[in-house]
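With compact mmCIF, N, CA and C atoms inside, this is upload31.txt:
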# COMPACT_ATOMS: atom_id res chain seq x y z
N MET A 276 93.37 109.44 135.04
CA MET A 276 93.39 108.14 134.41
C MET A 276 92.33 108.04 133.32
N ARG A 277 91.17 108.67 133.58
CA ARG A 277 90.13 108.64 132.55
C ARG A 277 90.58 109.40 131.30
N CYS A 278 91.42 110.41 131.47
CA CYS A 278 91.92 111.17 130.32
C CYS A 278 92.78 110.27 129.43
N TRP A 279 93.61 109.42 130.06
CA TRP A 279 94.44 108.52 129.28
C TRP A 279 93.59 107.52 128.50
N ALA A 280 92.55 107.01 129.14
CA ALA A 280 91.67 106.06 128.46
C ALA A 280 90.97 106.73 127.29
N SER A 281 90.55 107.97 127.46
CA SER A 281 89.90 108.70 126.37
C SER A 281 90.89 108.96 125.24
N ALA A 282 92.12 109.31 125.60
CA ALA A 282 93.13 109.57 124.58
C ALA A 282 93.45 108.31 123.79
N LEU A 283 93.57 107.17 124.48
CA LEU A 283 93.84 105.91 123.80
C LEU A 283 92.69 105.51 122.88
N ALA A 284 91.46 105.73 123.35
CA ALA A 284 90.29 105.41 122.52
C ALA A 284 90.28 106.29 121.27
N LEU A 285 90.64 107.57 121.42
CA LEU A 285 90.68 108.49 120.29
C LEU A 285 91.74 108.06 119.28
N VAL A 286 92.91 107.64 119.75
CA VAL A 286 93.97 107.18 118.86
C VAL A 286 93.53 105.91 118.13
N ALA A 287 92.86 105.01 118.83
CA ALA A 287 92.40 103.77 118.22
C ALA A 287 91.38 104.05 117.12
N VAL A 288 90.46 104.96 117.38
CA VAL A 288 89.45 105.31 116.38
C VAL A 288 90.10 106.00 115.20
N ALA A 289 91.06 106.90 115.46
CA ALA A 289 91.75 107.60 114.37
C ALA A 289 92.53 106.60 113.52
N GLY A 290 93.14 105.61 114.15
CA GLY A 290 93.87 104.58 113.41
C GLY A 290 92.96 103.76 112.53
N CYS A 291 91.74 103.51 112.97
CA CYS A 291 90.80 102.74 112.17
C CYS A 291 90.31 103.53 110.97
N SER A 292 90.28 104.84 111.09
CA SER A 292 89.77 105.64 109.98
C SER A 292 90.85 105.98 108.96
N ALA A 293 92.11 105.66 109.26
CA ALA A 293 93.20 105.94 108.32
C ALA A 293 93.09 104.99 107.14
N PRO A 294 93.51 105.43 105.97
CA PRO A 294 93.45 104.54 104.81
C PRO A 294 94.38 103.35 104.99
N ALA A 295 93.98 102.23 104.43
CA ALA A 295 94.79 101.01 104.53
C ALA A 295 96.08 101.22 103.73
N PRO A 296 97.19 100.63 104.20
CA PRO A 296 98.44 100.76 103.46
C PRO A 296 98.33 100.09 102.11
N SER A 297 99.03 100.64 101.15
CA SER A 297 99.02 100.09 99.80
C SER A 297 99.84 98.81 99.77
N HIS A 298 99.41 97.88 98.96
CA HIS A 298 100.15 96.62 98.79
C HIS A 298 101.06 96.71 97.59
N GLY A 299 101.48 97.92 97.24
CA GLY A 299 102.37 98.12 96.11
C GLY A 299 101.59 98.67 94.94
N PRO A 300 102.30 99.36 94.09
CA PRO A 300 101.62 99.96 92.95
C PRO A 300 101.19 98.90 91.95
N SER A 301 100.10 99.15 91.28
CA SER A 301 99.66 98.21 90.27
C SER A 301 100.33 98.56 88.96
N PRO A 302 100.53 97.57 88.10
CA PRO A 302 101.16 97.86 86.82
C PRO A 302 100.36 98.86 86.00
N ALA A 303 99.04 98.91 86.19
CA ALA A 303 98.21 99.84 85.43
C ALA A 303 98.54 101.28 85.77
N ALA A 304 99.12 101.51 86.95
CA ALA A 304 99.48 102.86 87.34
C ALA A 304 100.72 103.35 86.62
N GLY A 305 101.36 102.48 85.86
CA GLY A 305 102.56 102.88 85.11
C GLY A 305 103.81 102.63 85.91
N VAL A 306 104.90 102.77 85.26
CA VAL A 306 106.20 102.56 85.89
C VAL A 306 106.57 103.82 86.65
N ALA A 307 106.95 103.66 87.90
CA ALA A 307 107.35 104.82 88.69
C ALA A 307 108.56 105.48 88.06
N GLY A 308 108.57 106.79 88.03
CA GLY A 308 109.74 107.51 87.53
C GLY A 308 109.59 108.09 86.14
N GLY A 309 108.48 107.85 85.48
CA GLY A 309 108.23 108.49 84.20
C GLY A 309 108.90 107.82 83.02
N GLU A 310 109.10 108.62 81.98
CA GLU A 310 109.58 108.10 80.71
C GLU A 310 110.99 107.52 80.79
N LEU A 311 111.86 108.12 81.59
CA LEU A 311 113.22 107.57 81.72
C LEU A 311 113.19 106.17 82.30
N CYS A 312 112.31 105.95 83.26
CA CYS A 312 112.18 104.61 83.84
C CYS A 312 111.57 103.64 82.83
N GLU A 313 110.61 104.11 82.04
CA GLU A 313 110.02 103.25 81.03
C GLU A 313 111.09 102.77 80.05
N VAL A 314 111.95 103.68 79.62
CA VAL A 314 113.03 103.34 78.69
C VAL A 314 114.00 102.38 79.36
N PHE A 315 114.35 102.65 80.62
CA PHE A 315 115.28 101.78 81.35
C PHE A 315 114.70 100.38 81.52
N VAL A 316 113.44 100.29 81.96
CA VAL A 316 112.83 98.98 82.19
C VAL A 316 112.74 98.20 80.88
N GLU A 317 112.39 98.87 79.80
CA GLU A 317 112.32 98.19 78.51
C GLU A 317 113.70 97.68 78.09
N ALA A 318 114.74 98.47 78.30
CA ALA A 318 116.11 98.03 77.98
C ALA A 318 116.54 96.89 78.90
N TRP A 319 116.17 96.97 80.17
CA TRP A 319 116.54 95.95 81.14
C TRP A 319 115.89 94.61 80.80
N VAL A 320 114.59 94.64 80.46
CA VAL A 320 113.88 93.42 80.09
C VAL A 320 114.45 92.87 78.78
N GLY A 321 114.70 93.73 77.81
CA GLY A 321 115.27 93.29 76.55
C GLY A 321 116.63 92.63 76.73
N HIS A 322 117.44 93.20 77.61
CA HIS A 322 118.76 92.63 77.92
C HIS A 322 118.61 91.25 78.55
N PHE A 323 117.69 91.11 79.48
CA PHE A 323 117.43 89.82 80.13
C PHE A 323 117.00 88.79 79.09
N GLN A 324 116.02 89.16 78.27
CA GLN A 324 115.50 88.22 77.28
C GLN A 324 116.56 87.85 76.24
N ALA A 325 117.40 88.81 75.86
CA ALA A 325 118.48 88.51 74.91
C ALA A 325 119.48 87.53 75.52
N ASN A 326 119.77 87.68 76.80
CA ASN A 326 120.70 86.75 77.46
C ASN A 326 120.11 85.35 77.54
N VAL A 327 118.82 85.25 77.80
CA VAL A 327 118.18 83.92 77.84
C VAL A 327 118.20 83.30 76.45
N ALA A 328 117.93 84.10 75.42
CA ALA A 328 117.96 83.59 74.05
C ALA A 328 119.37 83.12 73.68
N LYS A 329 120.37 83.85 74.14
CA LYS A 329 121.76 83.45 73.88
C LYS A 329 122.07 82.13 74.58
N LEU A 330 121.60 81.96 75.81
CA LEU A 330 121.79 80.69 76.53
C LEU A 330 121.08 79.55 75.81
N ASP A 331 119.99 79.88 75.12
CA ASP A 331 119.22 78.88 74.38
C ASP A 331 119.90 78.52 73.05
N GLY A 332 120.98 79.24 72.72
CA GLY A 332 121.71 78.93 71.50
C GLY A 332 121.30 79.78 70.32
N GLN A 333 120.45 80.75 70.52
CA GLN A 333 120.02 81.62 69.43
C GLN A 333 121.04 82.75 69.24
N GLN A 334 121.19 83.15 68.00
CA GLN A 334 122.04 84.30 67.71
C GLN A 334 121.22 85.57 67.98
N THR A 335 121.66 86.34 68.95
CA THR A 335 120.94 87.58 69.28
C THR A 335 121.92 88.73 69.32
N ALA A 336 121.41 89.88 69.00
CA ALA A 336 122.23 91.10 69.09
C ALA A 336 122.40 91.44 70.57
N SER A 337 123.56 91.90 70.91
CA SER A 337 123.81 92.31 72.28
C SER A 337 123.04 93.59 72.58
N LEU A 338 122.39 93.62 73.69
CA LEU A 338 121.65 94.81 74.09
C LEU A 338 122.34 95.53 75.24
N ASP A 339 123.64 95.23 75.42
CA ASP A 339 124.41 95.88 76.48
C ASP A 339 124.43 97.39 76.29
N GLN A 340 124.58 97.84 75.04
CA GLN A 340 124.68 99.27 74.76
C GLN A 340 123.37 99.99 75.10
N ALA A 341 122.23 99.40 74.74
CA ALA A 341 120.94 100.02 75.02
C ALA A 341 120.72 100.15 76.54
N LEU A 342 121.10 99.11 77.28
CA LEU A 342 120.96 99.16 78.73
C LEU A 342 121.90 100.20 79.34
N ALA A 343 123.12 100.26 78.84
CA ALA A 343 124.09 101.25 79.34
C ALA A 343 123.59 102.66 79.06
N GLN A 344 123.02 102.90 77.88
CA GLN A 344 122.50 104.23 77.56
C GLN A 344 121.33 104.61 78.44
N ALA A 345 120.44 103.64 78.72
CA ALA A 345 119.29 103.91 79.59
C ALA A 345 119.76 104.21 81.01
N ARG A 346 120.76 103.47 81.48
CA ARG A 346 121.31 103.73 82.81
C ARG A 346 121.96 105.11 82.87
N GLN A 347 122.68 105.46 81.81
CA GLN A 347 123.35 106.76 81.78
C GLN A 347 122.33 107.90 81.76
N ALA A 348 121.24 107.72 81.03
CA ALA A 348 120.19 108.75 81.00
C ALA A 348 119.58 108.95 82.39
N LEU A 349 119.36 107.85 83.11
CA LEU A 349 118.86 107.96 84.48
C LEU A 349 119.88 108.69 85.36
N ASN A 350 121.14 108.30 85.22
CA ASN A 350 122.20 108.91 86.02
C ASN A 350 122.32 110.40 85.73
N ASP A 351 122.25 110.78 84.44
CA ASP A 351 122.33 112.19 84.06
C ASP A 351 121.17 113.00 84.63
N ALA A 352 120.02 112.36 84.78
CA ALA A 352 118.85 113.04 85.34
C ALA A 352 118.86 113.02 86.87
N GLY A 353 119.90 112.39 87.46
CA GLY A 353 119.99 112.32 88.92
C GLY A 353 119.01 111.35 89.54
N GLN A 354 118.61 110.35 88.77
CA GLN A 354 117.62 109.38 89.23
C GLN A 354 118.29 108.02 89.40
N ASP A 355 117.99 107.34 90.48
CA ASP A 355 118.54 106.02 90.75
C ASP A 355 117.69 104.97 90.06
N GLU A 356 118.34 103.99 89.45
CA GLU A 356 117.58 102.95 88.76
C GLU A 356 116.71 102.12 89.71
N ALA A 357 117.04 102.13 90.99
CA ALA A 357 116.24 101.40 91.97
C ALA A 357 114.85 102.01 92.14
N THR A 358 114.67 103.27 91.73
CA THR A 358 113.35 103.88 91.84
C THR A 358 112.42 103.41 90.73
N CYS A 359 112.98 102.81 89.69
CA CYS A 359 112.17 102.30 88.59
C CYS A 359 111.64 100.92 88.98
N ARG A 360 110.39 100.69 88.73
CA ARG A 360 109.75 99.42 89.11
C ARG A 360 109.95 98.39 88.00
N ARG A 361 110.93 97.53 88.22
CA ARG A 361 111.22 96.48 87.24
C ARG A 361 110.33 95.28 87.50
N PRO A 362 109.93 94.60 86.42
CA PRO A 362 109.14 93.38 86.60
C PRO A 362 110.04 92.22 87.03
N PHE A 363 109.41 91.16 87.51
CA PHE A 363 110.12 89.92 87.76
C PHE A 363 110.29 89.24 86.40
N CYS A 364 111.48 88.77 86.11
CA CYS A 364 111.74 88.06 84.86
C CYS A 364 112.21 86.65 85.22
N ILE A 365 111.63 85.69 84.54
CA ILE A 365 111.85 84.28 84.88
C ILE A 365 112.29 83.52 83.65
N VAL A 366 113.29 82.65 83.84
CA VAL A 366 113.72 81.73 82.78
C VAL A 366 112.82 80.51 82.87
N GLN A 367 112.23 80.14 81.73
CA GLN A 367 111.30 79.02 81.71
C GLN A 367 111.85 77.91 80.82
N PRO A 368 112.17 76.74 81.42
CA PRO A 368 112.63 75.61 80.60
C PRO A 368 111.48 75.10 79.72
N LYS A 369 111.83 74.75 78.48
CA LYS A 369 110.85 74.20 77.53
C LYS A 369 111.26 72.79 77.15
N ALA A 370 110.41 72.13 76.41
CA ALA A 370 110.70 70.77 75.94
C ALA A 370 111.95 70.77 75.07
N GLY A 371 112.69 69.67 75.11
CA GLY A 371 113.88 69.53 74.27
C GLY A 371 115.07 70.35 74.76
N GLY A 372 115.04 70.78 76.01
CA GLY A 372 116.16 71.53 76.56
C GLY A 372 116.19 72.99 76.15
N ARG A 373 115.13 73.48 75.53
CA ARG A 373 115.06 74.87 75.11
C ARG A 373 114.73 75.76 76.31
N LEU A 374 115.03 77.05 76.15
CA LEU A 374 114.75 78.03 77.21
C LEU A 374 113.91 79.16 76.65
N ASP A 375 113.08 79.68 77.49
CA ASP A 375 112.28 80.86 77.16
C ASP A 375 112.26 81.73 78.41
N SER A 376 111.71 82.91 78.29
CA SER A 376 111.60 83.79 79.45
C SER A 376 110.30 84.56 79.39
N TYR A 377 109.86 84.99 80.53
CA TYR A 377 108.71 85.88 80.59
C TYR A 377 108.89 86.81 81.77
N CYS A 378 108.25 87.96 81.67
CA CYS A 378 108.38 88.98 82.70
C CYS A 378 107.00 89.48 83.09
N GLY A 379 106.85 89.86 84.32
CA GLY A 379 105.58 90.38 84.79
C GLY A 379 105.69 90.90 86.21
N TYR A 380 104.56 91.37 86.68
CA TYR A 380 104.47 91.92 88.03
C TYR A 380 103.60 91.02 88.89
N ARG A 381 104.05 90.77 90.09
CA ARG A 381 103.28 90.01 91.06
C ARG A 381 102.63 91.03 91.98
N ILE A 382 101.31 91.13 91.93
CA ILE A 382 100.61 92.10 92.76
C ILE A 382 99.60 91.39 93.66
N ALA A 383 99.25 92.04 94.74
CA ALA A 383 98.27 91.46 95.66
C ALA A 383 96.94 91.32 94.92
N ASP A 384 96.25 90.21 95.15
CA ASP A 384 94.96 89.97 94.51
C ASP A 384 93.90 90.79 95.23
N PRO A 385 93.32 91.78 94.54
CA PRO A 385 92.33 92.62 95.21
C PRO A 385 91.05 91.86 95.57
N GLY A 386 90.76 90.76 94.86
CA GLY A 386 89.56 89.98 95.16
C GLY A 386 89.72 89.09 96.37
N GLY A 387 90.94 88.85 96.78
CA GLY A 387 91.18 88.02 97.95
C GLY A 387 91.09 86.53 97.70
N ASN A 388 90.84 86.13 96.45
CA ASN A 388 90.77 84.70 96.14
C ASN A 388 92.14 84.04 96.21
N GLU A 389 93.14 84.78 95.80
CA GLU A 389 94.52 84.31 95.81
C GLU A 389 95.36 85.33 96.56
N LEU A 390 96.54 84.93 96.96
CA LEU A 390 97.44 85.86 97.63
C LEU A 390 97.97 86.88 96.64
N TYR A 391 98.38 86.41 95.47
CA TYR A 391 98.91 87.29 94.43
C TYR A 391 98.29 86.91 93.09
N ARG A 392 98.41 87.84 92.16
CA ARG A 392 98.10 87.51 90.78
C ARG A 392 99.24 88.04 89.92
N TRP A 393 99.39 87.44 88.77
CA TRP A 393 100.48 87.77 87.86
C TRP A 393 99.93 88.64 86.74
N VAL A 394 100.58 89.76 86.51
CA VAL A 394 100.23 90.66 85.41
C VAL A 394 101.43 90.72 84.49
N PRO A 395 101.29 90.23 83.27
CA PRO A 395 102.44 90.21 82.34
C PRO A 395 102.95 91.62 82.03
N TRP A 396 104.26 91.73 81.89
CA TRP A 396 104.87 93.00 81.48
C TRP A 396 104.70 93.14 79.99
N THR A 397 104.36 94.32 79.56
CA THR A 397 104.29 94.62 78.14
C THR A 397 105.04 95.91 77.89
N PRO A 398 105.72 96.04 76.75
CA PRO A 398 106.45 97.28 76.47
C PRO A 398 105.46 98.44 76.35
N VAL A 399 105.93 99.62 76.71
CA VAL A 399 105.11 100.81 76.64
C VAL A 399 105.01 101.22 75.17
N ARG A 400 103.80 101.47 74.74
CA ARG A 400 103.58 101.90 73.35
C ARG A 400 103.75 103.41 73.28
N ARG A 401 104.59 103.87 72.35
CA ARG A 401 104.82 105.31 72.22
C ARG A 401 104.32 105.79 70.90
Translate the structure of the given file into structure tokens.
Amino acid sequence: MRCWASALALVAVAGCSAPAPSHGPSPAAGVAGGELCEVFVEAWVGHFQANVAKLDGQQTASLDQALAQARQALNDAGQDEATCRRPFCIVQPKAGGRLDSYCGYRIADPGGNELYRWVPWTPVRR
């Protein structure tokens, strides 16, 4: 019986020394999946923003083709688009019935002051 107690104590101590689980990747770490994902996420966000602009009554070019090409490139590489870390994109009502949108990542607040903090999405500079 003492052996079981020692074994349980050892497991408990080992569990305490294990690294804490990650609360998700930070945007600073980059988009998971490399350059193909960066291209896909940029096309996905552009498509979302173009659709919101169209709903707002603005004349916008369709970005369906760019999104389809980015999806096809992922598919050709054998990569699932679900592995790419897409930001949250939100439609924001404005004064006078206008619409706008913004995209970003909701990550755990490392300071602990808030539950989450918002990090705006920005296109990757090449």
Record the distance separating atom N of Thr358 (chain A) and atom C of Ala341 (chain A), expressed in Å with one decimal.
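A separation of 16.6 Å between them.
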Which polymer residues have any atom within 7 Å of an atom of Arg361 (chain A), counting only N, CA and C atoms, with same-chain residues fewer than 3 positions away left out, as an MDAnalysis selection string?
chainID A and resid 316 358 364 379:380
Please return the centre and edge lengths, in Å to one decimal, of a box with edges along x, y and z that contains all listed atoms of region 318-327 of chain A, widened by 4 Å on every side, as AutoDock Vina command-line options.
--center_x 117.3 --center_y 90.9 --center_z 78.0 --size_x 14.8 --size_y 23.2 --size_z 14.2
Given only C-alpha atoms as the counted atoms, nearest of A:Trp396, A:Pro385, A:Arg373, A:Arg360 to Lys329 (chain A)
A:Arg373
Taking only N, CA and C atoms into account, name the residue in A:Ala352, A:Leu374, A:Val314, A:Ala357 that is nearest to Gly332 (chain A).
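Ranked by minimum distance to Gly332 (chain A), first place goes to A:Leu374.
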Rounded to one decimal place, report the CA of Asn326 (chain A)-CA of Leu311 (chain A) distance in Å.
22.5 Å
What is the CA of Ala318 (chain A) to CA of Ala348 (chain A) distance in Å?
11.9 Å
Please determine, counting only N, CA and C atoms, which residue among A:Cys312, A:Val394, A:Val399, A:Cys378 has the shortest atom-to-atom distance to Ala345 (chain A).
A:Cys312
